[in-house]
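Chemist: The structure file run_9.tsv (TSV, C-alpha atoms) is provided below.
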chain	number	residue	atom	x	y	z
A	252	MET	CA	70.53	-16.70	37.38
A	253	ILE	CA	67.20	-18.18	38.47
A	254	GLY	CA	65.55	-17.01	35.22
A	255	SER	CA	68.21	-18.66	33.08
A	256	THR	CA	67.95	-21.88	35.14
A	257	ARG	CA	64.16	-21.94	34.61
A	258	ARG	CA	64.62	-21.37	30.86
A	259	GLY	CA	67.17	-24.20	30.77
A	260	VAL	CA	64.81	-26.55	32.62
A	261	ALA	CA	61.93	-25.56	30.32
A	262	LEU	CA	64.08	-26.15	27.24
A	263	LEU	CA	65.26	-29.51	28.57
A	264	GLY	CA	61.64	-30.46	29.30
A	265	SER	CA	60.65	-29.55	25.72
A	266	VAL	CA	63.49	-31.63	24.31
A	267	LEU	CA	62.48	-34.61	26.44
A	268	VAL	CA	58.88	-34.37	25.24
A	269	VAL	CA	60.04	-34.35	21.60
A	270	VAL	CA	62.34	-37.33	22.23
A	271	ALA	CA	59.56	-39.23	24.02
A	272	LEU	CA	57.11	-38.57	21.18
A	273	SER	CA	59.70	-39.64	18.63
A	274	LEU	CA	60.43	-42.86	20.50
A	275	SER	CA	56.73	-43.67	20.91
A	276	ALA	CA	56.23	-43.17	17.17
A	277	CYS	CA	59.01	-45.68	16.52
A	278	SER	CA	57.76	-48.37	18.87
A	279	GLY	CA	55.37	-51.14	18.02
A	280	SER	CA	55.36	-52.40	14.45
A	281	GLY	CA	58.36	-50.35	13.41
A	282	VAL	CA	56.23	-48.52	10.83
A	283	THR	CA	55.17	-44.95	11.36
A	284	THR	CA	52.60	-42.91	9.50
A	285	LEU	CA	52.95	-39.19	9.14
A	286	SER	CA	49.94	-37.20	10.26
A	287	ALA	CA	51.06	-34.41	7.94
A	288	PRO	CA	53.86	-35.17	5.49
A	289	PRO	CA	56.37	-32.46	4.68
A	290	THR	CA	55.46	-30.54	1.57
A	291	THR	CA	56.58	-27.57	-0.43
A	292	ASN	CA	53.86	-24.96	-0.84
A	293	ALA	CA	53.09	-24.06	-4.44
A	294	SER	CA	51.03	-20.92	-3.93
A	295	ALA	CA	53.62	-18.80	-5.71
A	296	THR	CA	55.40	-18.73	-9.04
A	297	LEU	CA	57.08	-21.55	-10.93
A	298	GLY	CA	60.33	-20.43	-12.48
A	299	LEU	CA	63.45	-21.60	-14.27
A	300	ILE	CA	67.05	-21.93	-13.11
A	301	HIS	CA	70.22	-22.58	-15.09
A	302	SER	CA	71.77	-26.03	-15.37
A	303	PRO	CA	74.48	-27.55	-17.59
A	304	LYS	CA	71.62	-28.89	-19.75
A	305	GLY	CA	69.77	-25.58	-20.09
A	306	LEU	CA	66.99	-24.06	-18.05
A	307	VAL	CA	65.11	-26.36	-15.65
A	308	LEU	CA	61.93	-25.97	-13.67
A	309	SER	CA	62.16	-24.47	-10.18
A	310	THR	CA	60.06	-22.97	-7.46
A	311	GLY	CA	59.65	-19.21	-7.63
A	312	THR	CA	62.37	-18.99	-4.98
A	313	GLY	CA	64.90	-20.89	-7.12
A	314	TYR	CA	64.77	-24.46	-5.77
A	315	ALA	CA	65.00	-27.17	-8.45
A	316	LEU	CA	61.91	-29.28	-9.06
A	317	TYR	CA	62.15	-32.99	-9.80
A	318	ASP	CA	60.06	-35.77	-11.30
A	319	PHE	CA	60.11	-39.34	-9.95
A	320	GLY	CA	60.55	-41.99	-12.68
A	321	PRO	CA	57.89	-44.43	-11.35
A	322	ASP	CA	55.20	-41.69	-11.21
A	323	THR	CA	52.47	-41.50	-13.83
A	324	SER	CA	50.67	-38.38	-14.98
A	325	THR	CA	47.85	-39.19	-12.54
A	326	THR	CA	49.61	-40.92	-9.62
A	327	SER	CA	52.54	-40.27	-7.31
A	328	ALA	CA	54.69	-43.29	-6.45
A	329	CYS	CA	56.48	-41.32	-3.69
A	330	THR	CA	54.06	-41.92	-0.85
A	331	ASN	CA	55.96	-43.62	1.99
A	332	ASP	CA	57.32	-41.55	4.86
A	333	GLY	CA	60.99	-41.86	3.88
A	334	CYS	CA	60.40	-40.80	0.30
A	335	VAL	CA	58.13	-37.90	1.24
A	336	PHE	CA	60.67	-36.61	3.79
A	337	GLN	CA	63.55	-36.72	1.32
A	338	TRP	CA	61.50	-35.53	-1.69
A	339	PRO	CA	58.71	-33.22	-0.44
A	340	PRO	CA	55.88	-33.04	-2.98
A	341	LEU	CA	55.02	-29.62	-4.39
A	342	VAL	CA	51.54	-29.17	-2.96
A	343	LYS	CA	49.16	-26.59	-4.38
A	344	THR	CA	47.52	-24.44	-1.72
A	345	GLY	CA	46.69	-21.33	-3.71
A	346	THR	CA	47.08	-19.65	-7.07
A	347	VAL	CA	50.04	-20.86	-9.11
A	348	ARG	CA	51.65	-18.51	-11.62
A	349	VAL	CA	54.27	-19.44	-14.18
A	350	GLY	CA	57.31	-17.31	-14.89
A	351	ALA	CA	58.74	-16.29	-18.22
A	352	GLY	CA	59.62	-19.21	-20.48
A	353	LEU	CA	57.03	-21.59	-18.98
A	354	ASN	CA	53.71	-22.67	-20.42
A	355	GLN	CA	50.62	-22.28	-18.19
A	356	SER	CA	48.85	-25.04	-20.16
A	357	LEU	CA	51.45	-27.57	-18.92
A	358	VAL	CA	50.52	-26.91	-15.25
A	359	GLY	CA	48.19	-29.49	-13.71
A	360	THR	CA	47.47	-31.33	-10.48
A	361	ILE	CA	46.96	-34.80	-9.06
A	362	LYS	CA	45.40	-35.95	-5.80
A	363	ARG	CA	47.82	-37.53	-3.32
A	364	PRO	CA	46.81	-40.43	-1.05
A	365	ASP	CA	46.65	-37.99	1.91
A	366	GLY	CA	44.07	-35.87	0.04
A	367	SER	CA	46.42	-33.00	-0.79
A	368	THR	CA	46.74	-31.64	-4.34
A	369	GLN	CA	50.19	-32.03	-5.91
A	370	LEU	CA	51.31	-29.77	-8.72
A	371	THR	CA	52.40	-31.27	-12.04
A	372	TYR	CA	54.13	-29.82	-15.07
A	373	GLY	CA	53.95	-31.54	-18.44
A	374	GLY	CA	52.23	-34.48	-16.70
A	375	HIS	CA	55.08	-34.90	-14.19
A	376	PRO	CA	54.25	-34.68	-10.45
A	377	LEU	CA	56.75	-32.25	-8.91
A	378	TYR	CA	59.01	-32.53	-5.85
A	379	THR	CA	61.80	-30.60	-4.20
A	380	TYR	CA	64.86	-32.37	-2.76
A	381	ASN	CA	65.91	-31.86	0.87
A	382	LEU	CA	69.63	-31.92	0.02
A	383	ASP	CA	69.19	-28.89	-2.25
A	384	VAL	CA	69.73	-26.63	0.76
A	385	LYS	CA	69.84	-23.32	-1.08
A	386	PRO	CA	68.38	-21.88	-4.27
A	387	GLY	CA	70.14	-22.88	-7.48
A	388	LEU	CA	71.50	-26.22	-6.21
A	389	ILE	CA	70.69	-29.32	-8.23
A	390	THR	CA	72.06	-32.29	-6.31
A	391	GLY	CA	69.35	-34.91	-6.89
A	392	GLN	CA	69.53	-35.11	-10.67
A	393	ALA	CA	69.42	-38.65	-12.12
A	394	ILE	CA	69.98	-40.38	-8.79
A	395	ASP	CA	68.22	-43.67	-8.11
A	396	GLN	CA	66.51	-43.48	-4.75
A	397	ASP	CA	63.26	-44.72	-3.19
A	398	GLY	CA	62.58	-47.14	-6.01
A	399	GLY	CA	63.47	-45.15	-9.09
A	400	PRO	CA	65.32	-42.28	-10.73
A	401	TRP	CA	64.75	-38.57	-10.10
A	402	TYR	CA	65.00	-36.05	-12.93
A	403	VAL	CA	64.71	-32.31	-13.39
A	404	ILE	CA	62.19	-31.04	-15.95
A	405	ASN	CA	62.84	-28.55	-18.75
A	406	ALA	CA	60.55	-25.66	-19.75
A	407	LYS	CA	58.82	-27.89	-22.32
A	408	GLY	CA	57.78	-30.32	-19.56
A	409	GLN	CA	60.31	-33.01	-20.53
A	410	GLN	CA	62.61	-34.99	-18.23
A	411	ILE	CA	66.32	-34.36	-18.52
A	412	THR	CA	67.89	-37.76	-17.87
A	413	THR	CA	71.59	-36.88	-18.16
A	414	PRO	CA	73.37	-36.91	-14.77
A	415	PHE	CA	74.84	-33.59	-13.58
A	416	THR	CA	75.20	-31.56	-10.39
A	417	VAL	CA	75.00	-27.82	-9.82
A	418	GLY	CA	76.70	-26.57	-6.67
A	419	SER	CA	77.30	-28.54	-3.52
Please express what this file holds, its structure, as structure tokens.
Modeler:
Amino acid sequence: MIGSTRRGVALLGSVLVVVALSLSACSGSGVTTLSAPPTTNASATLGLIHSPKGLVLSTGTGYALYDFGPDTSTTSACTNDGCVFQWPPLVKTGTVRVGAGLNQSLVGTIKRPDGSTQLTYGGHPLYTYNLDVKPGLITGQAIDQDGGPWYVINAKGQQITTPFTVGS
């Protein structure tokens, strides 16, 4: 009983510390800056998953990859905290291999404002979407969020702009 009470007090203390840190980050100007934005690690294989519009680019584990309309081939426009949390950039931290049906020559990188290296395909900076909670889901296709539209990319490195959803 005493052990479980101590664990409960320790857990409550940990929760309070997290809440206090969260509240302190929100105070002041109302603007927070991430010390380390969420990212998706690209030290594995790029692959393809099925969609109603054919095969689309994915992580090696089957999560759809997206392009942000306002991006350029050299610059990411998704840099504020809200955008980066909802659409984690695919950050290169090791060797990237491409699966069958993809072209290695279309793989590239850009430097993000935080100094990390974001993976591109066909000149499109790549992102995952936090609402795609399991492999094979495509729930962010052609939605307008954070200042522009989000599109999946085909194996040729081209945006697919037609709205559709896979799974839920």
Chemist: Which of these residues is nearest to Tyr378 (chain A), using only C-alpha atoms: A:Phe415, A:Trp338, A:Tyr402, A:Tyr314?
Modeler: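 With only C-alpha atoms as the atom set, the closest residue is A:Trp338.
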Chemist: Find the residues around Ser367 (chain A) up to 9 Å (all atoms listed in the file counted), leave out those fewer than 5 positions away in its own chain, and share them as a PyMOL selection string.
Modeler: chain A and resi 342-344+361-362
Chemist: What box, with edges along x, y and z, holds each listed atom of region 370-385 of chain A when 4 Å is added on every side, and can you state its centre and edge lengths in Å to one decimal, as AutoDock Vina command-line options?
Modeler:
--center_x 60.6 --center_y -29.1 --center_z -8.8 --size_x 26.5 --size_y 19.6 --size_z 27.3
Chemist: Could you list, as number ranges by chain, every residue within 9 Å of Thr379 (chain A), counting all atoms listed in the file and ignoring same-chain residues fewer than 5 positions away?
Modeler: A: 290-291, 309-310, 314-318, 337-341
Chemist: Could you check the closest approach to Ser356 (chain A) for each of A:Thr296, A:Thr371, A:Asn405, A:Thr326 and tell me which residue wins, using only C-alpha atoms?
Modeler: A:Thr371
Chemist: Just the residues within 9 Å of Gly398 (chain A), please, counting only C-alpha atoms, with nothing from its chain fewer than 3 positions along; format it as a short mmCIF file (atom, residue, chain, number, x, y, z; two decimals) with C-alpha atoms, in the coordinates of the input.
Modeler:
data_model
loop_
_atom_site.label_atom_id
_atom_site.label_comp_id
_atom_site.auth_asym_id
_atom_site.auth_seq_id
_atom_site.Cartn_x
_atom_site.Cartn_y
_atom_site.Cartn_z
CA GLY A 320 60.55 -41.99 -12.68
CA PRO A 321 57.89 -44.43 -11.35
CA ALA A 328 54.69 -43.29 -6.45
CA CYS A 329 56.48 -41.32 -3.69
CA ASP A 395 68.22 -43.67 -8.11
#
Chemist: How many Å lie between CA of Gly359 (chain A) and CA of Thr416 (chain A), rounded to one decimal?
Modeler: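 Going from CA of Gly359 (chain A) over to CA of Thr416 (chain A) covers 27.3 Å.
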Chemist: I want to know what sits within 10 Å of Gly387 (chain A), based on only C-alpha atoms, with residues of the same chain fewer than 5 positions away left out; could you give that as a ChimeraX atom specification?
Modeler: /A:299-302,309,312-315,417-419
Chemist: By how many Å are CA of Ser327 (chain A) and CA of Ile404 (chain A) apart?
Modeler: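 Result for CA of Ser327 (chain A) versus CA of Ile404 (chain A): 15.9 Å, one decimal.
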Chemist: Expressed in Å to a single decimal, how great is the separation between CA of Cys334 (chain A) and CA of Gly374 (chain A)?
Modeler: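 Going from CA of Cys334 (chain A) over to CA of Gly374 (chain A) covers 19.9 Å.
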Chemist: Which one of A:Gly399, A:Thr346, A:Leu357, A:Leu388 sits closest to Tyr372 (chain A) if you count only C-alpha atoms?
Modeler: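 Among the listed residues, A:Leu357 lies closest to Tyr372 (chain A).
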Chemist: Any chance you could build region 363-384 of chain A out to N, CA and C atoms and write it as a short mmCIF file (atom, residue, chain, number, x, y, z; two decimals), in the coordinates of the input?
Modeler:
data_model
loop_
_atom_site.label_atom_id
_atom_site.label_comp_id
_atom_site.auth_asym_id
_atom_site.auth_seq_id
_atom_site.Cartn_x
_atom_site.Cartn_y
_atom_site.Cartn_z
N ARG A 363 46.93 -36.62 -4.05
CA ARG A 363 47.82 -37.53 -3.32
C ARG A 363 46.99 -38.42 -2.40
N PRO A 364 47.54 -39.54 -1.95
CA PRO A 364 46.81 -40.43 -1.05
C PRO A 364 46.34 -39.74 0.24
N ASP A 365 47.07 -38.69 0.69
CA ASP A 365 46.65 -37.99 1.91
C ASP A 365 45.58 -36.94 1.64
N GLY A 366 45.13 -36.83 0.39
CA GLY A 366 44.07 -35.87 0.04
C GLY A 366 44.57 -34.53 -0.45
N SER A 367 45.89 -34.27 -0.33
CA SER A 367 46.42 -33.00 -0.79
C SER A 367 46.50 -33.00 -2.33
N THR A 368 46.68 -31.82 -2.89
CA THR A 368 46.74 -31.64 -4.34
C THR A 368 48.17 -31.31 -4.73
N GLN A 369 48.81 -32.21 -5.49
CA GLN A 369 50.19 -32.03 -5.91
C GLN A 369 50.23 -31.40 -7.29
N LEU A 370 51.14 -30.46 -7.45
CA LEU A 370 51.31 -29.77 -8.72
C LEU A 370 52.08 -30.65 -9.70
N THR A 371 51.69 -30.58 -10.97
CA THR A 371 52.40 -31.27 -12.04
C THR A 371 52.78 -30.26 -13.12
N TYR A 372 53.75 -30.64 -13.91
CA TYR A 372 54.13 -29.82 -15.07
C TYR A 372 54.44 -30.78 -16.21
N GLY A 373 53.76 -30.62 -17.32
CA GLY A 373 53.95 -31.54 -18.44
C GLY A 373 53.57 -32.97 -18.08
N GLY A 374 52.66 -33.14 -17.14
CA GLY A 374 52.23 -34.48 -16.70
C GLY A 374 53.15 -35.12 -15.68
N HIS A 375 54.13 -34.37 -15.18
CA HIS A 375 55.08 -34.90 -14.19
C HIS A 375 54.77 -34.33 -12.80
N PRO A 376 54.39 -35.18 -11.83
CA PRO A 376 54.25 -34.68 -10.45
C PRO A 376 55.60 -34.10 -9.99
N LEU A 377 55.54 -32.99 -9.26
CA LEU A 377 56.75 -32.25 -8.91
C LEU A 377 57.13 -32.37 -7.44
N TYR A 378 58.45 -32.40 -7.19
CA TYR A 378 59.01 -32.53 -5.85
C TYR A 378 60.23 -31.63 -5.72
N THR A 379 60.51 -31.20 -4.49
CA THR A 379 61.80 -30.60 -4.20
C THR A 379 62.68 -31.70 -3.59
N TYR A 380 63.94 -31.38 -3.33
CA TYR A 380 64.86 -32.37 -2.76
C TYR A 380 65.50 -31.74 -1.53
N ASN A 381 65.43 -32.43 -0.40
CA ASN A 381 65.91 -31.86 0.87
C ASN A 381 67.41 -31.58 0.90
N LEU A 382 68.20 -32.20 0.02
CA LEU A 382 69.63 -31.92 0.02
C LEU A 382 69.99 -30.72 -0.86
N ASP A 383 69.01 -30.18 -1.57
CA ASP A 383 69.19 -28.89 -2.25
C ASP A 383 68.90 -27.82 -1.20
N VAL A 384 69.92 -27.46 -0.44
CA VAL A 384 69.73 -26.63 0.76
C VAL A 384 69.71 -25.13 0.49
#
